[in-house]
$ cat input02.pdb   # PDB, N, CA and C atoms and all ligand atoms
ATOM      1  N   MET A   7     137.967  99.726 100.199  1.00  0.00           N
ATOM      2  CA  MET A   7     137.425  98.847 101.251  1.00  0.00           C
ATOM      3  C   MET A   7     136.010  99.280 101.613  1.00  0.00           C
ATOM      4  N   LYS A   8     135.148  98.302 101.776  1.00  0.00           N
ATOM      5  CA  LYS A   8     133.766  98.615 102.118  1.00  0.00           C
ATOM      6  C   LYS A   8     133.266  97.579 103.107  1.00  0.00           C
ATOM      7  N   GLU A   9     132.546  98.050 104.114  1.00  0.00           N
ATOM      8  CA  GLU A   9     132.068  97.132 105.145  1.00  0.00           C
ATOM      9  C   GLU A   9     130.706  96.567 104.756  1.00  0.00           C
ATOM     10  N   ILE A  10     130.603  95.244 104.762  1.00  0.00           N
ATOM     11  CA  ILE A  10     129.340  94.594 104.428  1.00  0.00           C
ATOM     12  C   ILE A  10     128.988  93.606 105.526  1.00  0.00           C
ATOM     13  N   LYS A  11     127.838  93.801 106.150  1.00  0.00           N
ATOM     14  CA  LYS A  11     127.354  92.913 107.211  1.00  0.00           C
ATOM     15  C   LYS A  11     128.449  92.641 108.245  1.00  0.00           C
ATOM     16  N   GLY A  12     129.164  93.696 108.643  1.00  0.00           N
ATOM     17  CA  GLY A  12     130.149  93.575 109.708  1.00  0.00           C
ATOM     18  C   GLY A  12     131.461  92.969 109.273  1.00  0.00           C
ATOM     19  N   LYS A  13     131.602  92.560 108.006  1.00  0.00           N
ATOM     20  CA  LYS A  13     132.866  92.005 107.531  1.00  0.00           C
ATOM     21  C   LYS A  13     133.482  92.962 106.513  1.00  0.00           C
ATOM     22  N   ILE A  14     134.792  92.912 106.403  1.00  0.00           N
ATOM     23  CA  ILE A  14     135.486  93.804 105.483  1.00  0.00           C
ATOM     24  C   ILE A  14     135.930  93.019 104.248  1.00  0.00           C
ATOM     25  N   TYR A  15     135.565  93.515 103.089  1.00  0.00           N
ATOM     26  CA  TYR A  15     136.012  92.893 101.847  1.00  0.00           C
ATOM     27  C   TYR A  15     136.838  93.901 101.061  1.00  0.00           C
ATOM     28  N   ASP A  16     137.904  93.460 100.468  1.00  0.00           N
ATOM     29  CA  ASP A  16     138.774  94.339  99.701  1.00  0.00           C
ATOM     30  C   ASP A  16     138.494  94.128  98.222  1.00  0.00           C
ATOM     31  N   TYR A  17     137.827  95.080  97.609  1.00  0.00           N
ATOM     32  CA  TYR A  17     137.467  94.956  96.194  1.00  0.00           C
ATOM     33  C   TYR A  17     138.705  94.888  95.303  1.00  0.00           C
ATOM     34  N   ASP A  18     139.727  95.666  95.665  1.00  0.00           N
ATOM     35  CA  ASP A  18     140.944  95.741  94.846  1.00  0.00           C
ATOM     36  C   ASP A  18     141.652  94.393  94.780  1.00  0.00           C
ATOM     37  N   ARG A  19     141.538  93.611  95.836  1.00  0.00           N
ATOM     38  CA  ARG A  19     142.181  92.301  95.889  1.00  0.00           C
ATOM     39  C   ARG A  19     141.279  91.238  95.248  1.00  0.00           C
ATOM     40  N   GLY A  20     140.100  91.628  94.855  1.00  0.00           N
ATOM     41  CA  GLY A  20     139.162  90.661  94.287  1.00  0.00           C
ATOM     42  C   GLY A  20     138.621  89.717  95.338  1.00  0.00           C
ATOM     43  N   ASP A  21     138.550  90.221  96.569  1.00  0.00           N
ATOM     44  CA  ASP A  21     138.135  89.397  97.701  1.00  0.00           C
ATOM     45  C   ASP A  21     136.601  89.338  97.767  1.00  0.00           C
ATOM     46  N   VAL A  22     136.000  88.673  96.804  1.00  0.00           N
ATOM     47  CA  VAL A  22     134.530  88.606  96.747  1.00  0.00           C
ATOM     48  C   VAL A  22     134.074  87.195  97.100  1.00  0.00           C
ATOM     49  N   THR A  23     133.248  87.112  98.108  1.00  0.00           N
ATOM     50  CA  THR A  23     132.802  85.807  98.597  1.00  0.00           C
ATOM     51  C   THR A  23     131.367  85.529  98.160  1.00  0.00           C
ATOM     52  N   GLU A  24     130.898  84.333  98.477  1.00  0.00           N
ATOM     53  CA  GLU A  24     129.508  83.967  98.185  1.00  0.00           C
ATOM     54  C   GLU A  24     128.547  84.881  98.928  1.00  0.00           C
ATOM     55  N   GLU A  25     128.950  85.217 100.163  1.00  0.00           N
ATOM     56  CA  GLU A  25     128.115  86.091 101.001  1.00  0.00           C
ATOM     57  C   GLU A  25     127.986  87.467 100.350  1.00  0.00           C
ATOM     58  N   HIS A  26     129.088  87.927  99.780  1.00  0.00           N
ATOM     59  CA  HIS A  26     129.092  89.231  99.112  1.00  0.00           C
ATOM     60  C   HIS A  26     128.206  89.186  97.867  1.00  0.00           C
ATOM     61  N   ASN A  27     128.304  88.115  97.116  1.00  0.00           N
ATOM     62  CA  ASN A  27     127.437  87.961  95.946  1.00  0.00           C
ATOM     63  C   ASN A  27     125.963  87.949  96.342  1.00  0.00           C
ATOM     64  N   GLU A  28     125.687  87.289  97.450  1.00  0.00           N
ATOM     65  CA  GLU A  28     124.318  87.225  97.980  1.00  0.00           C
ATOM     66  C   GLU A  28     123.846  88.642  98.333  1.00  0.00           C
ATOM     67  N   TYR A  29     124.744  89.396  98.950  1.00  0.00           N
ATOM     68  CA  TYR A  29     124.427  90.777  99.330  1.00  0.00           C
ATOM     69  C   TYR A  29     124.095  91.605  98.087  1.00  0.00           C
ATOM     70  N   LEU A  30     124.916  91.478  97.052  1.00  0.00           N
ATOM     71  CA  LEU A  30     124.689  92.244  95.825  1.00  0.00           C
ATOM     72  C   LEU A  30     123.377  91.840  95.167  1.00  0.00           C
ATOM     73  N   LYS A  31     123.091  90.522  95.207  1.00  0.00           N
ATOM     74  CA  LYS A  31     121.853  90.018  94.632  1.00  0.00           C
ATOM     75  C   LYS A  31     120.654  90.633  95.362  1.00  0.00           C
ATOM     76  N   ASN A  32     120.742  90.652  96.706  1.00  0.00           N
ATOM     77  CA  ASN A  32     119.661  91.226  97.509  1.00  0.00           C
ATOM     78  C   ASN A  32     119.530  92.722  97.255  1.00  0.00           C
ATOM     79  N   LYS A  33     120.681  93.368  97.105  1.00  0.00           N
ATOM     80  CA  LYS A  33     120.678  94.812  96.903  1.00  0.00           C
ATOM     81  C   LYS A  33     119.986  95.140  95.572  1.00  0.00           C
ATOM     82  N   ASP A  34     120.250  94.337  94.540  1.00  0.00           N
ATOM     83  CA  ASP A  34     119.656  94.579  93.233  1.00  0.00           C
ATOM     84  C   ASP A  34     118.145  94.389  93.235  1.00  0.00           C
ATOM     85  N   SER A  35     117.650  93.556  94.140  1.00  0.00           N
ATOM     86  CA  SER A  35     116.212  93.298  94.160  1.00  0.00           C
ATOM     87  C   SER A  35     115.471  94.280  95.065  1.00  0.00           C
ATOM     88  N   GLN A  36     116.193  95.191  95.711  1.00  0.00           N
ATOM     89  CA  GLN A  36     115.548  96.200  96.547  1.00  0.00           C
ATOM     90  C   GLN A  36     114.881  97.260  95.684  1.00  0.00           C
ATOM     91  N   ARG A  37     113.648  97.585  96.007  1.00  0.00           N
ATOM     92  CA  ARG A  37     112.931  98.647  95.293  1.00  0.00           C
ATOM     93  C   ARG A  37     112.284  99.573  96.310  1.00  0.00           C
ATOM     94  N   GLU A  38     112.026 100.807  95.875  1.00  0.00           N
ATOM     95  CA  GLU A  38     111.256 101.716  96.710  1.00  0.00           C
ATOM     96  C   GLU A  38     109.882 101.871  96.078  1.00  0.00           C
ATOM     97  N   CYS A  39     108.832 101.618  96.852  1.00  0.00           N
ATOM     98  CA  CYS A  39     107.470 101.687  96.325  1.00  0.00           C
ATOM     99  C   CYS A  39     107.143 103.111  95.901  1.00  0.00           C
ATOM    100  N   SER A  40     106.559 103.244  94.706  1.00  0.00           N
ATOM    101  CA  SER A  40     106.199 104.565  94.176  1.00  0.00           C
ATOM    102  C   SER A  40     104.985 105.156  94.888  1.00  0.00           C
ATOM    103  N   VAL A  41     104.235 104.313  95.608  1.00  0.00           N
ATOM    104  CA  VAL A  41     103.038 104.805  96.286  1.00  0.00           C
ATOM    105  C   VAL A  41     103.344 105.140  97.741  1.00  0.00           C
ATOM    106  N   CYS A  42     103.822 104.151  98.511  1.00  0.00           N
ATOM    107  CA  CYS A  42     103.987 104.366  99.956  1.00  0.00           C
ATOM    108  C   CYS A  42     105.440 104.616 100.351  1.00  0.00           C
ATOM    109  N   SER A  43     106.366 104.574  99.395  1.00  0.00           N
ATOM    110  CA  SER A  43     107.785 104.873  99.624  1.00  0.00           C
ATOM    111  C   SER A  43     108.490 103.881 100.549  1.00  0.00           C
ATOM    112  N   CYS A  44     107.873 102.709 100.817  1.00  0.00           N
ATOM    113  CA  CYS A  44     108.555 101.712 101.633  1.00  0.00           C
ATOM    114  C   CYS A  44     109.602 100.988 100.772  1.00  0.00           C
ATOM    115  N   ASP A  45     110.632 100.468 101.418  1.00  0.00           N
ATOM    116  CA  ASP A  45     111.620  99.653 100.707  1.00  0.00           C
ATOM    117  C   ASP A  45     111.156  98.210 100.749  1.00  0.00           C
ATOM    118  N   PHE A  46     111.204  97.532  99.599  1.00  0.00           N
ATOM    119  CA  PHE A  46     110.812  96.122  99.584  1.00  0.00           C
ATOM    120  C   PHE A  46     111.723  95.332  98.656  1.00  0.00           C
ATOM    121  N   ASP A  47     111.720  94.009  98.874  1.00  0.00           N
ATOM    122  CA  ASP A  47     112.561  93.090  98.099  1.00  0.00           C
ATOM    123  C   ASP A  47     111.666  92.434  97.049  1.00  0.00           C
ATOM    124  N   ILE A  48     111.837  92.847  95.807  1.00  0.00           N
ATOM    125  CA  ILE A  48     110.921  92.391  94.748  1.00  0.00           C
ATOM    126  C   ILE A  48     111.022  90.882  94.510  1.00  0.00           C
ATOM    127  N   ASP A  49     112.206  90.294  94.722  1.00  0.00           N
ATOM    128  CA  ASP A  49     112.362  88.849  94.537  1.00  0.00           C
ATOM    129  C   ASP A  49     111.789  88.073  95.725  1.00  0.00           C
ATOM    130  N   GLY A  50     112.006  88.611  96.927  1.00  0.00           N
ATOM    131  CA  GLY A  50     111.580  87.912  98.132  1.00  0.00           C
ATOM    132  C   GLY A  50     110.126  88.142  98.489  1.00  0.00           C
ATOM    133  N   GLU A  51     109.657  89.386  98.335  1.00  0.00           N
ATOM    134  CA  GLU A  51     108.321  89.740  98.809  1.00  0.00           C
ATOM    135  C   GLU A  51     107.282  89.793  97.696  1.00  0.00           C
ATOM    136  N   GLY A  52     107.731  89.984  96.461  1.00  0.00           N
ATOM    137  CA  GLY A  52     106.797  90.161  95.355  1.00  0.00           C
ATOM    138  C   GLY A  52     106.658  91.630  95.019  1.00  0.00           C
ATOM    139  N   GLY A  53     105.546  91.960  94.386  1.00  0.00           N
ATOM    140  CA  GLY A  53     105.362  93.321  93.896  1.00  0.00           C
ATOM    141  C   GLY A  53     105.799  93.388  92.438  1.00  0.00           C
ATOM    142  N   VAL A  54     105.712  94.553  91.842  1.00  0.00           N
ATOM    143  CA  VAL A  54     106.067  94.711  90.435  1.00  0.00           C
ATOM    144  C   VAL A  54     106.896  95.976  90.238  1.00  0.00           C
ATOM    145  N   ASP A  55     107.653  95.998  89.157  1.00  0.00           N
ATOM    146  CA  ASP A  55     108.260  97.248  88.732  1.00  0.00           C
ATOM    147  C   ASP A  55     108.188  97.339  87.220  1.00  0.00           C
ATOM    148  N   GLY A  56     108.335  98.530  86.701  1.00  0.00           N
ATOM    149  CA  GLY A  56     108.215  98.747  85.271  1.00  0.00           C
ATOM    150  C   GLY A  56     108.138 100.231  85.002  1.00  0.00           C
ATOM    151  N   ALA A  57     107.351 100.597  84.006  1.00  0.00           N
ATOM    152  CA  ALA A  57     107.245 102.009  83.659  1.00  0.00           C
ATOM    153  C   ALA A  57     105.831 102.330  83.212  1.00  0.00           C
ATOM    154  N   ILE A  58     105.362 103.512  83.600  1.00  0.00           N
ATOM    155  CA  ILE A  58     104.102 104.048  83.073  1.00  0.00           C
ATOM    156  C   ILE A  58     104.532 105.131  82.092  1.00  0.00           C
ATOM    157  N   GLY A  59     104.424 104.817  80.790  1.00  0.00           N
ATOM    158  CA  GLY A  59     105.021 105.713  79.795  1.00  0.00           C
ATOM    159  C   GLY A  59     106.533 105.724  79.984  1.00  0.00           C
ATOM    160  N   ILE A  60     107.104 106.875  80.278  1.00  0.00           N
ATOM    161  CA  ILE A  60     108.547 106.954  80.520  1.00  0.00           C
ATOM    162  C   ILE A  60     108.851 107.049  82.012  1.00  0.00           C
ATOM    163  N   LEU A  61     107.805 106.987  82.832  1.00  0.00           N
ATOM    164  CA  LEU A  61     107.971 107.149  84.279  1.00  0.00           C
ATOM    165  C   LEU A  61     108.255 105.798  84.934  1.00  0.00           C
ATOM    166  N   PRO A  62     109.452 105.600  85.478  1.00  0.00           N
ATOM    167  CA  PRO A  62     109.740 104.318  86.137  1.00  0.00           C
ATOM    168  C   PRO A  62     108.972 104.198  87.448  1.00  0.00           C
ATOM    169  N   VAL A  63     108.343 103.042  87.662  1.00  0.00           N
ATOM    170  CA  VAL A  63     107.565 102.835  88.888  1.00  0.00           C
ATOM    171  C   VAL A  63     107.857 101.466  89.484  1.00  0.00           C
ATOM    172  N   ALA A  64     107.626 101.342  90.784  1.00  0.00           N
ATOM    173  CA  ALA A  64     107.690 100.051  91.473  1.00  0.00           C
ATOM    174  C   ALA A  64     106.568 100.055  92.501  1.00  0.00           C
ATOM    175  N   PHE A  65     105.863  98.923  92.613  1.00  0.00           N
ATOM    176  CA  PHE A  65     104.782  98.833  93.591  1.00  0.00           C
ATOM    177  C   PHE A  65     105.055  97.668  94.536  1.00  0.00           C
ATOM    178  N   CYS A  66     104.989  97.937  95.836  1.00  0.00           N
ATOM    179  CA  CYS A  66     105.158  96.879  96.837  1.00  0.00           C
ATOM    180  C   CYS A  66     103.928  95.961  96.777  1.00  0.00           C
ATOM    181  N   PRO A  67     103.994  94.753  97.376  1.00  0.00           N
ATOM    182  CA  PRO A  67     102.865  93.821  97.283  1.00  0.00           C
ATOM    183  C   PRO A  67     101.549  94.415  97.782  1.00  0.00           C
ATOM    184  N   THR A  68     101.580  95.184  98.862  1.00  0.00           N
ATOM    185  CA  THR A  68     100.358  95.782  99.423  1.00  0.00           C
ATOM    186  C   THR A  68      99.748  96.783  98.454  1.00  0.00           C
ATOM    187  N   CYS A  69     100.567  97.706  97.932  1.00  0.00           N
ATOM    188  CA  CYS A  69     100.052  98.715  97.013  1.00  0.00           C
ATOM    189  C   CYS A  69      99.642  98.084  95.688  1.00  0.00           C
ATOM    190  N   TYR A  70     100.389  97.067  95.253  1.00  0.00           N
ATOM    191  CA  TYR A  70     100.050  96.399  93.990  1.00  0.00           C
ATOM    192  C   TYR A  70      98.669  95.749  94.071  1.00  0.00           C
ATOM    193  N   SER A  71      98.391  95.045  95.194  1.00  0.00           N
ATOM    194  CA  SER A  71      97.076  94.409  95.325  1.00  0.00           C
ATOM    195  C   SER A  71      96.001  95.485  95.451  1.00  0.00           C
ATOM    196  N   GLY A  72      96.309  96.612  96.096  1.00  0.00           N
ATOM    197  CA  GLY A  72      95.365  97.721  96.197  1.00  0.00           C
ATOM    198  C   GLY A  72      95.053  98.309  94.834  1.00  0.00           C
ATOM    199  N   ILE A  73      96.085  98.455  93.995  1.00  0.00           N
ATOM    200  CA  ILE A  73      95.900  99.000  92.641  1.00  0.00           C
ATOM    201  C   ILE A  73      95.051  98.037  91.802  1.00  0.00           C
ATOM    202  N   CYS A  74      95.304  96.726  91.952  1.00  0.00           N
ATOM    203  CA  CYS A  74      94.510  95.727  91.215  1.00  0.00           C
ATOM    204  C   CYS A  74      93.054  95.783  91.646  1.00  0.00           C
ATOM    205  N   ASP A  75      92.811  95.927  92.968  1.00  0.00           N
ATOM    206  CA  ASP A  75      91.437  96.051  93.468  1.00  0.00           C
ATOM    207  C   ASP A  75      90.767  97.283  92.871  1.00  0.00           C
ATOM    208  N   MET A  76      91.498  98.394  92.855  1.00  0.00           N
ATOM    209  CA  MET A  76      90.951  99.643  92.330  1.00  0.00           C
ATOM    210  C   MET A  76      90.572  99.473  90.852  1.00  0.00           C
ATOM    211  N   CYS A  77      91.452  98.827  90.079  1.00  0.00           N
ATOM    212  CA  CYS A  77      91.192  98.630  88.650  1.00  0.00           C
ATOM    213  C   CYS A  77      89.962  97.764  88.438  1.00  0.00           C
ATOM    214  N   SER A  78      89.838  96.677  89.220  1.00  0.00           N
ATOM    215  CA  SER A  78      88.675  95.792  89.022  1.00  0.00           C
ATOM    216  C   SER A  78      87.398  96.504  89.441  1.00  0.00           C
ATOM    217  N   GLN A  79      87.465  97.366  90.477  1.00  0.00           N
ATOM    218  CA  GLN A  79      86.280  98.135  90.886  1.00  0.00           C
ATOM    219  C   GLN A  79      85.896  99.144  89.802  1.00  0.00           C
ATOM    220  N   LEU A  80      86.911  99.810  89.208  1.00  0.00           N
ATOM    221  CA  LEU A  80      86.635 100.780  88.148  1.00  0.00           C
ATOM    222  C   LEU A  80      86.019 100.086  86.931  1.00  0.00           C
ATOM    223  N   GLU A  81      86.487  98.855  86.676  1.00  0.00           N
ATOM    224  CA  GLU A  81      85.954  98.091  85.550  1.00  0.00           C
ATOM    225  C   GLU A  81      84.486  97.747  85.787  1.00  0.00           C
ATOM    226  N   GLU A  82      84.165  97.353  87.038  1.00  0.00           N
ATOM    227  CA  GLU A  82      82.770  97.053  87.394  1.00  0.00           C
ATOM    228  C   GLU A  82      81.899  98.287  87.209  1.00  0.00           C
ATOM    229  N   ILE A  83      82.403  99.447  87.622  1.00  0.00           N
ATOM    230  CA  ILE A  83      81.642 100.704  87.499  1.00  0.00           C
ATOM    231  C   ILE A  83      81.397 101.013  86.015  1.00  0.00           C
ATOM    232  N   SER A  84      82.425 100.845  85.182  1.00  0.00           N
ATOM    233  CA  SER A  84      82.240 101.171  83.753  1.00  0.00           C
ATOM    234  C   SER A  84      81.308 100.169  83.083  1.00  0.00           C
ATOM    235  N   GLU A  85      81.333  98.921  83.528  1.00  0.00           N
ATOM    236  CA  GLU A  85      80.393  97.929  82.987  1.00  0.00           C
ATOM    237  C   GLU A  85      78.961  98.282  83.367  1.00  0.00           C
ATOM    238  N   THR A  86      78.764  98.764  84.594  1.00  0.00           N
ATOM    239  CA  THR A  86      77.438  99.186  85.063  1.00  0.00           C
ATOM    240  C   THR A  86      76.955 100.371  84.242  1.00  0.00           C
ATOM    241  N   ASP A  87      77.860 101.309  83.934  1.00  0.00           N
ATOM    242  CA  ASP A  87      77.506 102.489  83.141  1.00  0.00           C
ATOM    243  C   ASP A  87      77.076 102.098  81.725  1.00  0.00           C
ATOM    244  N   GLU A  88      77.767 101.091  81.159  1.00  0.00           N
ATOM    245  CA  GLU A  88      77.448 100.682  79.790  1.00  0.00           C
ATOM    246  C   GLU A  88      76.057 100.069  79.697  1.00  0.00           C
ATOM    247  N   GLN A  89      75.667  99.347  80.768  1.00  0.00           N
ATOM    248  CA  GLN A  89      74.364  98.683  80.763  1.00  0.00           C
ATOM    249  C   GLN A  89      73.205  99.669  80.892  1.00  0.00           C
ATOM    250  N   SER A  90      73.411 100.767  81.617  1.00  0.00           N
ATOM    251  CA  SER A  90      72.298 101.709  81.846  1.00  0.00           C
ATOM    252  C   SER A  90      72.117 102.695  80.688  1.00  0.00           C
TER     253      SER A  90
HETATM  254 ZN    ZN A 101     103.663 100.489  98.646  1.00  0.00          ZN
END

$ encode --input "input02.pdb" --output "structure tokens" --more "lines below"
Ligand SMILES: [Zn+2]
Amino acid sequence: MKEIKGKIYDYDRGDVTEEHNEYLKNKDSQRECSVCSCDFDIDGEGGVDGAIGILPVAFCPTCYSGICDMCSQLEEISETDEQS
């Protein structure tokens, strides 16, 4: 027996409702940001997850846009270096 959102569902009896499925769906989309450690919903809020080499990472929408800004700024700097 496990309590979900104040209701009790019995897994052994196969007592799985639509609400429970919704809960599991939401739970699966939860990620912890690798930068700021906040919990976010990748399906609901956005953001990305994946791997850098073998290192699994997830970025919340705020950190993801910050990383994109940083990359575009670094690209501008390297383009400036190439011209000089
Ligand atoms: Zn973050």

$ atom_distance --input "input02.pdb" --atom1 "atom N of A:Glu38" --atom2 "atom C of A:Leu80"
27.5 Å

$ resolve_selection --input "input02.pdb" --expression "the PyMOL selection byres (((not hetatm)) within 7 of (chain A and resi 101))" --output "PDB file with N, CA and C atoms, in the coordinates of the input"
ATOM      1  N   GLU A  38     112.026 100.807  95.875  1.00  0.00           N
ATOM      2  CA  GLU A  38     111.256 101.716  96.710  1.00  0.00           C
ATOM      3  C   GLU A  38     109.882 101.871  96.078  1.00  0.00           C
ATOM      4  N   CYS A  39     108.832 101.618  96.852  1.00  0.00           N
ATOM      5  CA  CYS A  39     107.470 101.687  96.325  1.00  0.00           C
ATOM      6  C   CYS A  39     107.143 103.111  95.901  1.00  0.00           C
ATOM      7  N   SER A  40     106.559 103.244  94.706  1.00  0.00           N
ATOM      8  CA  SER A  40     106.199 104.565  94.176  1.00  0.00           C
ATOM      9  C   SER A  40     104.985 105.156  94.888  1.00  0.00           C
ATOM     10  N   VAL A  41     104.235 104.313  95.608  1.00  0.00           N
ATOM     11  CA  VAL A  41     103.038 104.805  96.286  1.00  0.00           C
ATOM     12  C   VAL A  41     103.344 105.140  97.741  1.00  0.00           C
ATOM     13  N   CYS A  42     103.822 104.151  98.511  1.00  0.00           N
ATOM     14  CA  CYS A  42     103.987 104.366  99.956  1.00  0.00           C
ATOM     15  C   CYS A  42     105.440 104.616 100.351  1.00  0.00           C
ATOM     16  N   SER A  43     106.366 104.574  99.395  1.00  0.00           N
ATOM     17  CA  SER A  43     107.785 104.873  99.624  1.00  0.00           C
ATOM     18  C   SER A  43     108.490 103.881 100.549  1.00  0.00           C
ATOM     19  N   CYS A  44     107.873 102.709 100.817  1.00  0.00           N
ATOM     20  CA  CYS A  44     108.555 101.712 101.633  1.00  0.00           C
ATOM     21  C   CYS A  44     109.602 100.988 100.772  1.00  0.00           C
ATOM     22  N   ALA A  64     107.626 101.342  90.784  1.00  0.00           N
ATOM     23  CA  ALA A  64     107.690 100.051  91.473  1.00  0.00           C
ATOM     24  C   ALA A  64     106.568 100.055  92.501  1.00  0.00           C
ATOM     25  N   PHE A  65     105.863  98.923  92.613  1.00  0.00           N
ATOM     26  CA  PHE A  65     104.782  98.833  93.591  1.00  0.00           C
ATOM     27  C   PHE A  65     105.055  97.668  94.536  1.00  0.00           C
ATOM     28  N   CYS A  66     104.989  97.937  95.836  1.00  0.00           N
ATOM     29  CA  CYS A  66     105.158  96.879  96.837  1.00  0.00           C
ATOM     30  C   CYS A  66     103.928  95.961  96.777  1.00  0.00           C
ATOM     31  N   PRO A  67     103.994  94.753  97.376  1.00  0.00           N
ATOM     32  CA  PRO A  67     102.865  93.821  97.283  1.00  0.00           C
ATOM     33  C   PRO A  67     101.549  94.415  97.782  1.00  0.00           C
ATOM     34  N   THR A  68     101.580  95.184  98.862  1.00  0.00           N
ATOM     35  CA  THR A  68     100.358  95.782  99.423  1.00  0.00           C
ATOM     36  C   THR A  68      99.748  96.783  98.454  1.00  0.00           C
ATOM     37  N   CYS A  69     100.567  97.706  97.932  1.00  0.00           N
ATOM     38  CA  CYS A  69     100.052  98.715  97.013  1.00  0.00           C
ATOM     39  C   CYS A  69      99.642  98.084  95.688  1.00  0.00           C
ATOM     40  N   TYR A  70     100.389  97.067  95.253  1.00  0.00           N
ATOM     41  CA  TYR A  70     100.050  96.399  93.990  1.00  0.00           C
ATOM     42  C   TYR A  70      98.669  95.749  94.071  1.00  0.00           C
TER      43      TYR A  70
END

$ atom_distance --input "input02.pdb" --atom1 "atom C of A:Gly50" --atom2 "atom N of A:Glu81"
28.5 Å

$ atom_distance --input "input02.pdb" --atom1 "atom C of A:Gly52" --atom2 "atom N of A:Ile83"
26.5 Å
